[in-house]
>>> print(open('upload.pdb').read())   # PDB, C-alpha atoms
ATOM      1  CA  SER A 582      37.253  -9.222 -24.621
ATOM      2  CA  SER A 583      37.606  -6.847 -21.667
ATOM      3  CA  ILE A 584      40.724  -5.659 -19.879
ATOM      4  CA  ILE A 585      38.928  -6.272 -16.576
ATOM      5  CA  GLU A 586      36.929  -9.497 -16.363
ATOM      6  CA  GLY A 587      34.633  -8.573 -13.464
ATOM      7  CA  PRO A 588      31.889  -5.965 -13.306
ATOM      8  CA  ILE A 589      32.858  -2.320 -13.784
ATOM      9  CA  SER A 590      30.661   0.444 -12.394
ATOM     10  CA  ALA A 591      29.981   3.452 -14.631
ATOM     11  CA  GLU A 592      27.934   6.239 -13.027
ATOM     12  CA  VAL A 593      25.418   8.506 -14.730
ATOM     13  CA  THR A 594      25.828  12.236 -14.097
ATOM     14  CA  SER A 595      22.272  13.445 -14.626
ATOM     15  CA  THR A 596      19.491  13.776 -12.049
ATOM     16  CA  ASP A 597      16.707  13.522 -14.673
ATOM     17  CA  SER A 598      15.347  10.016 -15.384
ATOM     18  CA  LYS A 599      15.219  10.413 -19.176
ATOM     19  CA  GLU A 600      18.799  11.669 -19.318
ATOM     20  CA  MET A 601      19.934   8.905 -16.928
ATOM     21  CA  ILE A 602      18.370   6.334 -19.249
ATOM     22  CA  SER A 603      20.128   7.856 -22.248
ATOM     23  CA  GLN A 604      23.468   8.009 -20.425
ATOM     24  CA  GLY A 605      23.000   4.471 -19.091
ATOM     25  CA  LYS A 606      22.401   3.074 -22.571
ATOM     26  CA  GLU A 607      25.558   4.769 -23.843
ATOM     27  CA  LEU A 608      27.621   3.568 -20.877
ATOM     28  CA  ALA A 609      26.391  -0.015 -21.346
ATOM     29  CA  LYS A 610      27.716   0.011 -24.926
ATOM     30  CA  ILE A 611      31.298   0.443 -23.682
ATOM     31  CA  ALA A 612      31.685  -3.196 -22.635
ATOM     32  CA  SER A 613      29.550  -6.191 -21.678
ATOM     33  CA  ASN A 614      30.709  -6.024 -18.046
ATOM     34  CA  ILE A 615      29.578  -2.420 -17.419
ATOM     35  CA  VAL A 616      27.127  -1.956 -14.541
ATOM     36  CA  VAL A 617      25.364   1.407 -14.742
ATOM     37  CA  LYS A 618      25.155   3.202 -11.402
ATOM     38  CA  VAL A 619      22.189   5.498 -10.742
ATOM     39  CA  PRO A 620      21.345   7.609  -7.669
ATOM     40  CA  LEU A 621      18.790   6.418  -5.126
ATOM     41  CA  THR A 622      16.128   8.977  -6.023
ATOM     42  CA  LYS A 623      12.686   8.652  -7.587
ATOM     43  CA  ASP A 624      14.181   9.527 -10.990
ATOM     44  CA  GLY A 625      17.053   7.122 -10.408
ATOM     45  CA  LEU A 626      14.674   4.277  -9.605
ATOM     46  CA  MET A 627      12.599   5.049 -12.717
ATOM     47  CA  ALA A 628      15.791   4.928 -14.779
ATOM     48  CA  CYS A 629      16.808   1.704 -13.012
ATOM     49  CA  LYS A 630      13.539   0.041 -13.939
ATOM     50  CA  GLN A 631      13.774   1.119 -17.586
ATOM     51  CA  LEU A 632      17.441   0.198 -17.990
ATOM     52  CA  SER A 633      17.031  -3.202 -16.335
ATOM     53  CA  SER A 634      14.013  -3.925 -18.569
ATOM     54  CA  ASN A 635      16.462  -3.436 -21.472
ATOM     55  CA  ASN A 636      18.782  -6.077 -19.945
ATOM     56  CA  ILE A 637      21.267  -3.452 -18.779
ATOM     57  CA  LYS A 638      22.892  -4.239 -15.438
ATOM     58  CA  VAL A 639      22.153  -1.485 -12.921
ATOM     59  CA  ASN A 640      23.459  -0.629  -9.466
ATOM     60  CA  VAL A 641      21.814   1.934  -7.158
ATOM     61  CA  THR A 642      23.822   4.141  -4.795
ATOM     62  CA  LEU A 643      23.832   3.223  -1.118
ATOM     63  CA  CYS A 644      21.023   4.340   1.147
ATOM     64  CA  PHE A 645      22.152   6.341   4.191
ATOM     65  CA  SER A 646      18.864   7.812   5.389
ATOM     66  CA  SER A 647      15.387   6.595   6.271
ATOM     67  CA  SER A 648      13.808   9.098   3.852
ATOM     68  CA  LEU A 649      15.755   7.580   0.941
ATOM     69  CA  ARG A 650      14.823   4.107   2.152
ATOM     70  CA  GLN A 651      11.153   5.110   1.871
ATOM     71  CA  VAL A 652      11.724   6.102  -1.778
ATOM     72  CA  ALA A 653      13.280   2.717  -2.563
ATOM     73  CA  ARG A 654      10.897   0.542  -0.563
ATOM     74  CA  PRO A 655       8.901  -1.755  -2.833
ATOM     75  CA  ARG A 656       5.178  -1.244  -3.036
ATOM     76  CA  PRO A 657       2.940  -3.810  -1.285
ATOM     77  CA  ARG A 658       2.487  -7.171  -3.009
ATOM     78  CA  ARG A 659       5.769  -6.896  -4.900
ATOM     79  CA  ARG A 660       8.913  -8.791  -4.160
ATOM     80  CA  PRO A 661      11.700  -6.549  -2.879
ATOM     81  CA  TRP A 662      14.592  -5.896  -5.214
ATOM     82  CA  PRO A 663      17.943  -7.488  -4.423
ATOM     83  CA  SER A 664      20.008  -5.229  -2.210
ATOM     84  CA  MET A 665      22.506  -4.157  -4.876
ATOM     85  CA  LEU A 666      21.035  -4.719  -8.317
ATOM     86  CA  CYS A 667      17.769  -3.339  -9.559
ATOM     87  CA  HIS A 668      15.637  -6.025 -11.170
ATOM     88  CA  GLU A 669      11.943  -6.214 -11.798
ATOM     89  CA  PRO A 670      10.567  -9.533 -10.463
TER      90      PRO A 670
END
>>> encode(input="upload.pdb", output="structure tokens")
Amino acid sequence: SSIIEGPISAEVTSTDSKEMISQGKELAKIASNIVVKVPLTKDGLMACKQLSSNNIKVNVTLCFSSSLRQVARPRPRRRPWPSMLCHEP
């Protein structure tokens, strides 16, 4: 059982996708309500995809610029990801 019942965000500190994945897996082991937070970068989105494919809840940092929005925009013929959580359709 958790001290806090709702989701708890735990942020990775790396900027490298492989290290983010490793950190995210370790953070997710802390409790079942951990949501791993990754940066909105190409590496962060790669880590998001890998972590979510391992059934780890992932949150991506907010997007404040159009250049970052271009990085996160889904490719054609794919459903867009929900605004907060990163899930593969």
>>> resolve_selection(input="upload.pdb", expression="the PyMOL selection byres ((chain A and resi 637) around 8)", output="number ranges by chain")
A: 606, 609, 616-617, 632-636, 638-639
>>> resolve_selection(input="upload.pdb", expression="the PyMOL selection byres ((chain A and resi 615) around 10)", output="list in words")
Gly587, Pro588, Ile589, Ser590, Ala591, Glu592, Gly605, Leu608, Ala609, Lys610, Ile611, Ala612, Ser613, Asn614, Val616, Val617, Lys618, Ile637, Lys638 and Val639 of chain A
>>> atom_distance(input="upload.pdb", atom1="atom CA of A:Gln631", atom2="atom CA of A:Gln604")
12.2 Å
>>> residues_around(input="upload.pdb", residues="A:Asp624", least_positions_apart="5", cutoff="12 Å", atoms="all atoms listed in the file", output="list in words")
Val593, Ser595, Thr596, Asp597, Ser598, Lys599, Glu600, Met601, Ile602, Val619, Cys629, Lys630, Gln631, Val641, Val652 and Ala653 of chain A
>>> build_atoms(input="upload.pdb", residues="stretch 599-617 of chain A", atoms="N, CA, C and O atoms", output="CSV table (one decimal), keeping the file's coordinate frame")
chain,number,residue,atom,x,y,z
A,599,LYS,N,15.0,10.6,-17.7
A,599,LYS,CA,15.2,10.4,-19.2
A,599,LYS,C,16.7,10.5,-19.6
A,599,LYS,O,17.2,9.8,-20.4
A,600,GLU,N,17.4,11.5,-19.0
A,600,GLU,CA,18.8,11.7,-19.3
A,600,GLU,C,19.6,10.5,-18.7
A,600,GLU,O,20.6,10.1,-19.3
A,601,MET,N,19.2,10.1,-17.5
A,601,MET,CA,19.9,8.9,-16.9
A,601,MET,C,19.8,7.7,-17.8
A,601,MET,O,20.8,6.9,-18.0
A,602,ILE,N,18.6,7.5,-18.4
A,602,ILE,CA,18.4,6.3,-19.2
A,602,ILE,C,19.2,6.4,-20.5
A,602,ILE,O,19.9,5.5,-20.9
A,603,SER,N,19.3,7.6,-21.1
A,603,SER,CA,20.1,7.9,-22.2
A,603,SER,C,21.6,7.6,-21.9
A,603,SER,O,22.3,6.9,-22.7
A,604,GLN,N,22.1,8.2,-20.8
A,604,GLN,CA,23.5,8.0,-20.4
A,604,GLN,C,23.7,6.5,-20.1
A,604,GLN,O,24.8,6.0,-20.5
A,605,GLY,N,22.8,5.9,-19.4
A,605,GLY,CA,23.0,4.5,-19.1
A,605,GLY,C,23.1,3.6,-20.3
A,605,GLY,O,24.0,2.7,-20.4
A,606,LYS,N,22.3,3.9,-21.3
A,606,LYS,CA,22.4,3.1,-22.6
A,606,LYS,C,23.7,3.3,-23.2
A,606,LYS,O,24.3,2.3,-23.8
A,607,GLU,N,24.2,4.5,-23.2
A,607,GLU,CA,25.6,4.8,-23.8
A,607,GLU,C,26.7,4.1,-23.0
A,607,GLU,O,27.6,3.5,-23.6
A,608,LEU,N,26.6,4.2,-21.7
A,608,LEU,CA,27.6,3.6,-20.9
A,608,LEU,C,27.6,2.1,-21.1
A,608,LEU,O,28.7,1.4,-21.1
A,609,ALA,N,26.5,1.4,-21.2
A,609,ALA,CA,26.4,0.0,-21.3
A,609,ALA,C,27.0,-0.5,-22.7
A,609,ALA,O,27.4,-1.7,-22.8
A,610,LYS,N,27.1,0.4,-23.6
A,610,LYS,CA,27.7,0.0,-24.9
A,610,LYS,C,29.2,-0.1,-24.8
A,610,LYS,O,29.9,-0.7,-25.7
A,611,ILE,N,29.8,0.4,-23.8
A,611,ILE,CA,31.3,0.4,-23.7
A,611,ILE,C,31.9,-1.0,-23.6
A,611,ILE,O,32.8,-1.3,-24.3
A,612,ALA,N,31.2,-1.8,-22.8
A,612,ALA,CA,31.7,-3.2,-22.6
A,612,ALA,C,30.6,-4.0,-22.0
A,612,ALA,O,29.7,-3.5,-21.3
A,613,SER,N,30.6,-5.3,-22.2
A,613,SER,CA,29.6,-6.2,-21.7
A,613,SER,C,29.5,-6.3,-20.2
A,613,SER,O,28.6,-6.7,-19.6
A,614,ASN,N,30.6,-5.9,-19.5
A,614,ASN,CA,30.7,-6.0,-18.0
A,614,ASN,C,30.4,-4.7,-17.3
A,614,ASN,O,30.7,-4.6,-16.1
A,615,ILE,N,29.9,-3.7,-18.0
A,615,ILE,CA,29.6,-2.4,-17.4
A,615,ILE,C,28.3,-2.6,-16.6
A,615,ILE,O,27.3,-3.2,-17.1
A,616,VAL,N,28.3,-2.0,-15.4
A,616,VAL,CA,27.1,-2.0,-14.5
A,616,VAL,C,26.9,-0.5,-14.4
A,616,VAL,O,27.7,0.3,-13.8
A,617,VAL,N,25.7,0.0,-14.8
A,617,VAL,CA,25.4,1.4,-14.7
A,617,VAL,C,24.9,1.8,-13.3
A,617,VAL,O,24.0,1.1,-12.8
